[in-house]
Amino acid sequence: MVSKQRILIVDDDENIAELISLYLTKECFETLIVNDGESALEEVENFNPNLILLDLMLPGIDGYTVCREVRAKNQIPIIMLSAKGEIFDKVLGLEMGADDYMEKPFDSKELVARVKAVLRRYKAAAPATEEKEPAKVVEYPDLKVSLVNYTVIYKGESVDMPPKELELLFFLASSPNQVFTREQLLDQIWGYDYVGDTRTVDVHIKRIREKINDHDDWRIETVWGIGYKFFTV
């Protein structure tokens, strides 16, 4: 018998949380509702969810902090829920490691569709078996980026990068000298169903450049009017 996928719903509005649970239960998900950030962090360990629906405005520990602490330990997919619709709030949430962002109020069918889409992407990115598989690693002089353990080694030292920054760097470095538009990068890293601004890509590229400088053998180049490429000699 196939076990149900578990969704942790974190929202201090009990009515909304119950409604979300009802939608997901009808789609054969197992759900658990908590109403504050502290309980959310506890249930990440106890409930072991396949995905977290995380409201930003929570009593005590807010959603941004919950997201950051979860990301420090594992890669459970996170969809942020918020009444805040500003680009800044979306970018901040995504930079902290969220996989998607939905504004309240939202359509129930869209919510379920996004949950399924994020879970599909996560499943596709995860190793198919527990057997040892070829490492998902790209290496250049003084640079090593690994999707196996989500690490970046630059000039012999570990560089702290949120998941989306690392995935963007890995994607570009995996196809050296190939130009990608901002829209293509959004599709590849955030998913085709991500509803956001292409400036999200620019913000992530800027942060990557702040952490790793141009090298004599490689660099991230801006292709004006188009997008970006990972240039190698």
# chains A, B, ... in the order shown; residues from 1 in each chain; ligands from 1
$ residues_around --residues "Ser146 of chain A" --least-positions-apart "2" --cutoff "12 Å" --atoms "only C-alpha atoms" --output "compact mmCIF listing (two decimals) with N, CA and C atoms, in the first residue's frame"
# COMPACT_ATOMS: atom_id res chain seq x y z
N PRO A 134 25.80 8.59 -9.57
CA PRO A 134 26.80 9.58 -9.96
C PRO A 134 26.52 10.91 -9.27
N ALA A 135 27.57 11.51 -8.75
CA ALA A 135 27.43 12.76 -8.01
C ALA A 135 26.98 13.89 -8.92
N LYS A 136 26.06 14.69 -8.41
CA LYS A 136 25.60 15.86 -9.15
C LYS A 136 26.51 17.02 -8.76
N VAL A 137 27.65 17.05 -9.43
CA VAL A 137 28.68 18.02 -9.07
C VAL A 137 29.26 18.64 -10.32
N VAL A 138 29.51 19.95 -10.27
CA VAL A 138 30.27 20.61 -11.33
C VAL A 138 31.52 21.21 -10.69
N GLU A 139 32.65 21.08 -11.40
CA GLU A 139 33.91 21.58 -10.87
C GLU A 139 34.66 22.39 -11.91
N TYR A 140 35.23 23.49 -11.45
CA TYR A 140 36.11 24.35 -12.23
C TYR A 140 37.27 24.74 -11.33
N LEU A 143 36.52 26.19 -7.86
CA LEU A 143 35.07 26.19 -7.63
C LEU A 143 34.51 24.77 -7.74
N LYS A 144 33.72 24.40 -6.75
CA LYS A 144 33.03 23.11 -6.78
C LYS A 144 31.61 23.32 -6.25
N VAL A 148 24.53 17.20 -4.39
CA VAL A 148 24.43 16.02 -3.53
C VAL A 148 24.21 16.45 -2.08
N ASN A 149 25.05 17.37 -1.62
CA ASN A 149 24.91 17.85 -0.24
C ASN A 149 24.72 19.37 -0.17
N TYR A 150 24.38 19.97 -1.32
CA TYR A 150 24.11 21.41 -1.41
C TYR A 150 25.24 22.23 -0.79
N THR A 151 26.41 22.08 -1.39
CA THR A 151 27.57 22.84 -0.92
C THR A 151 28.25 23.54 -2.09
N VAL A 152 28.87 24.67 -1.77
CA VAL A 152 29.70 25.40 -2.72
C VAL A 152 31.07 25.59 -2.07
N ILE A 153 32.11 25.12 -2.74
CA ILE A 153 33.47 25.31 -2.26
C ILE A 153 34.17 26.27 -3.21
N TYR A 154 34.61 27.41 -2.69
CA TYR A 154 35.27 28.42 -3.50
C TYR A 154 36.64 28.72 -2.90
N SER A 158 34.20 26.80 2.21
CA SER A 158 32.76 26.64 2.00
C SER A 158 32.08 28.00 1.94
N VAL A 159 31.17 28.15 1.00
CA VAL A 159 30.41 29.39 0.84
C VAL A 159 28.96 29.11 1.17
N MET A 161 25.25 29.43 0.77
CA MET A 161 24.29 29.84 -0.25
C MET A 161 22.94 29.20 0.01
N PRO A 163 19.36 27.55 -1.04
CA PRO A 163 19.15 26.55 -2.09
C PRO A 163 18.96 27.12 -3.49
N LEU A 166 22.22 28.39 -4.98
CA LEU A 166 23.08 27.27 -5.34
C LEU A 166 22.58 26.57 -6.60
N GLU A 167 21.28 26.34 -6.67
CA GLU A 167 20.71 25.67 -7.84
C GLU A 167 20.89 26.50 -9.11
N LEU A 168 20.77 27.82 -8.98
CA LEU A 168 20.97 28.70 -10.13
C LEU A 168 22.42 28.65 -10.60
N LEU A 169 23.35 28.72 -9.67
CA LEU A 169 24.78 28.62 -10.01
C LEU A 169 25.09 27.28 -10.65
N PHE A 170 24.56 26.21 -10.06
CA PHE A 170 24.81 24.87 -10.60
C PHE A 170 24.27 24.74 -12.02
N PHE A 171 23.05 25.25 -12.24
CA PHE A 171 22.44 25.15 -13.55
C PHE A 171 23.27 25.88 -14.61
N ALA A 173 26.48 26.74 -14.42
CA ALA A 173 27.80 26.12 -14.55
C ALA A 173 27.74 24.76 -15.24
N SER A 174 26.57 24.12 -15.23
CA SER A 174 26.42 22.83 -15.89
C SER A 174 26.34 22.96 -17.41
$ residues_around --residues "Glu69 of chain A" --least-positions-apart "5" --cutoff "12 Å" --atoms "only C-alpha atoms" --output "number ranges by chain"
A: 37-38, 40-42, 44, 61-64, 74-76, 78, 96-98, 162
$ atom_distance --atom1 "atom CA of Asn177 of chain A" --atom2 "atom CA of Asp197 of chain A"
24.6 Å
$ select_by_dssp --residues "segment 140-185 of chain A" --states "alpha helix (DSSP H)" --output "ChimeraX atom specification"
/A:163-174,182-185
$ residues_around --residues "Val179 of chain A" --least-positions-apart "3" --cutoff "12 Å" --atoms "only C-alpha atoms" --output "PyMOL selection string"
chain A and resi 171-176+182-185+220-231
$ atom_distance --atom1 "atom CA of Cys67 of chain A" --atom2 "atom CA of Ile52 of chain A"
9.4 Å
$ select_by_dssp --residues "segment 60-187 of chain A" --states "strand (DSSP E or B)" --output "PyMOL selection string"
chain A and resi 78-82+100-103+137-140+143-146+151-154+157-159+180-181
$ closest_residue --among "A:Gln178, A:Thr200, A:Gln5, A:Thr31" --to "Lys116 of chain A" --atoms "only C-alpha atoms"
A:Gln5
$ residues_around --residues "Pro77 of chain A" --least-positions-apart "2" --cutoff "12 Å" --atoms "only C-alpha atoms" --output "VMD selection string"
chain A and resid 6 to 8 44 48 to 54 67 70 to 71 74 to 75 79 to 80 94 97 to 101 114 to 123 125 to 126 163 to 164 190
$ write_last_selection --atoms "C-alpha atoms" --output "mmCIF file, in the first residue's frame"
data_model
loop_
_atom_site.group_PDB
_atom_site.id
_atom_site.type_symbol
_atom_site.label_atom_id
_atom_site.label_comp_id
_atom_site.auth_asym_id
_atom_site.auth_seq_id
_atom_site.Cartn_x
_atom_site.Cartn_y
_atom_site.Cartn_z
ATOM 1 C CA ARG A 6 2.189 14.409 4.444
ATOM 2 C CA ILE A 7 1.517 18.156 4.384
ATOM 3 C CA LEU A 8 2.257 20.318 7.425
ATOM 4 C CA VAL A 44 8.991 19.095 11.192
ATOM 5 C CA ASN A 48 8.257 14.412 8.979
ATOM 6 C CA PRO A 49 6.222 16.213 6.282
ATOM 7 C CA ASN A 50 6.778 15.925 2.543
ATOM 8 C CA LEU A 51 5.856 19.613 2.165
ATOM 9 C CA ILE A 52 5.148 22.617 4.393
ATOM 10 C CA LEU A 53 2.481 25.263 3.762
ATOM 11 C CA LEU A 54 3.801 28.162 5.807
ATOM 12 C CA CYS A 67 11.740 28.822 6.820
ATOM 13 C CA VAL A 70 14.068 24.434 8.399
ATOM 14 C CA ARG A 71 16.423 25.174 5.502
ATOM 15 C CA ASN A 74 16.941 19.894 5.349
ATOM 16 C CA GLN A 75 15.369 20.520 1.944
ATOM 17 C CA ILE A 79 5.228 27.063 -0.028
ATOM 18 C CA MET A 80 4.788 30.397 1.729
ATOM 19 C CA LEU A 94 12.310 32.879 -1.973
ATOM 20 C CA GLY A 97 14.641 29.037 0.644
ATOM 21 C CA ALA A 98 10.916 28.868 -0.094
ATOM 22 C CA ASP A 99 9.995 26.936 -3.236
ATOM 23 C CA ASP A 100 6.868 28.946 -4.030
ATOM 24 C CA TYR A 101 4.810 31.862 -2.715
ATOM 25 C CA ARG A 114 0.961 24.191 -6.771
ATOM 26 C CA VAL A 115 1.392 21.648 -3.971
ATOM 27 C CA LYS A 116 1.445 18.834 -6.525
ATOM 28 C CA ALA A 117 3.795 20.752 -8.846
ATOM 29 C CA VAL A 118 6.324 21.465 -6.083
ATOM 30 C CA LEU A 119 6.199 17.842 -4.918
ATOM 31 C CA ARG A 120 6.789 16.657 -8.509
ATOM 32 C CA ARG A 121 9.838 18.909 -8.863
ATOM 33 C CA TYR A 122 11.186 17.779 -5.518
ATOM 34 C CA LYS A 123 10.686 14.108 -6.388
ATOM 35 C CA ALA A 125 15.375 16.228 -8.122
ATOM 36 C CA ALA A 126 15.727 13.576 -5.396
ATOM 37 C CA PRO A 163 19.148 26.550 -2.090
ATOM 38 C CA LYS A 164 17.899 28.699 -4.975
ATOM 39 C CA TRP A 190 11.538 28.085 -9.710
#
$ closest_residue --among "A:Tyr23, A:Phe106, A:Phe180, A:Phe47" --to "Ser82 of chain A" --atoms "only C-alpha atoms"
A:Phe106
$ atom_distance --atom1 "atom CA of Glu45 of chain A" --atom2 "atom CA of Lys73 of chain A"
10.4 Å
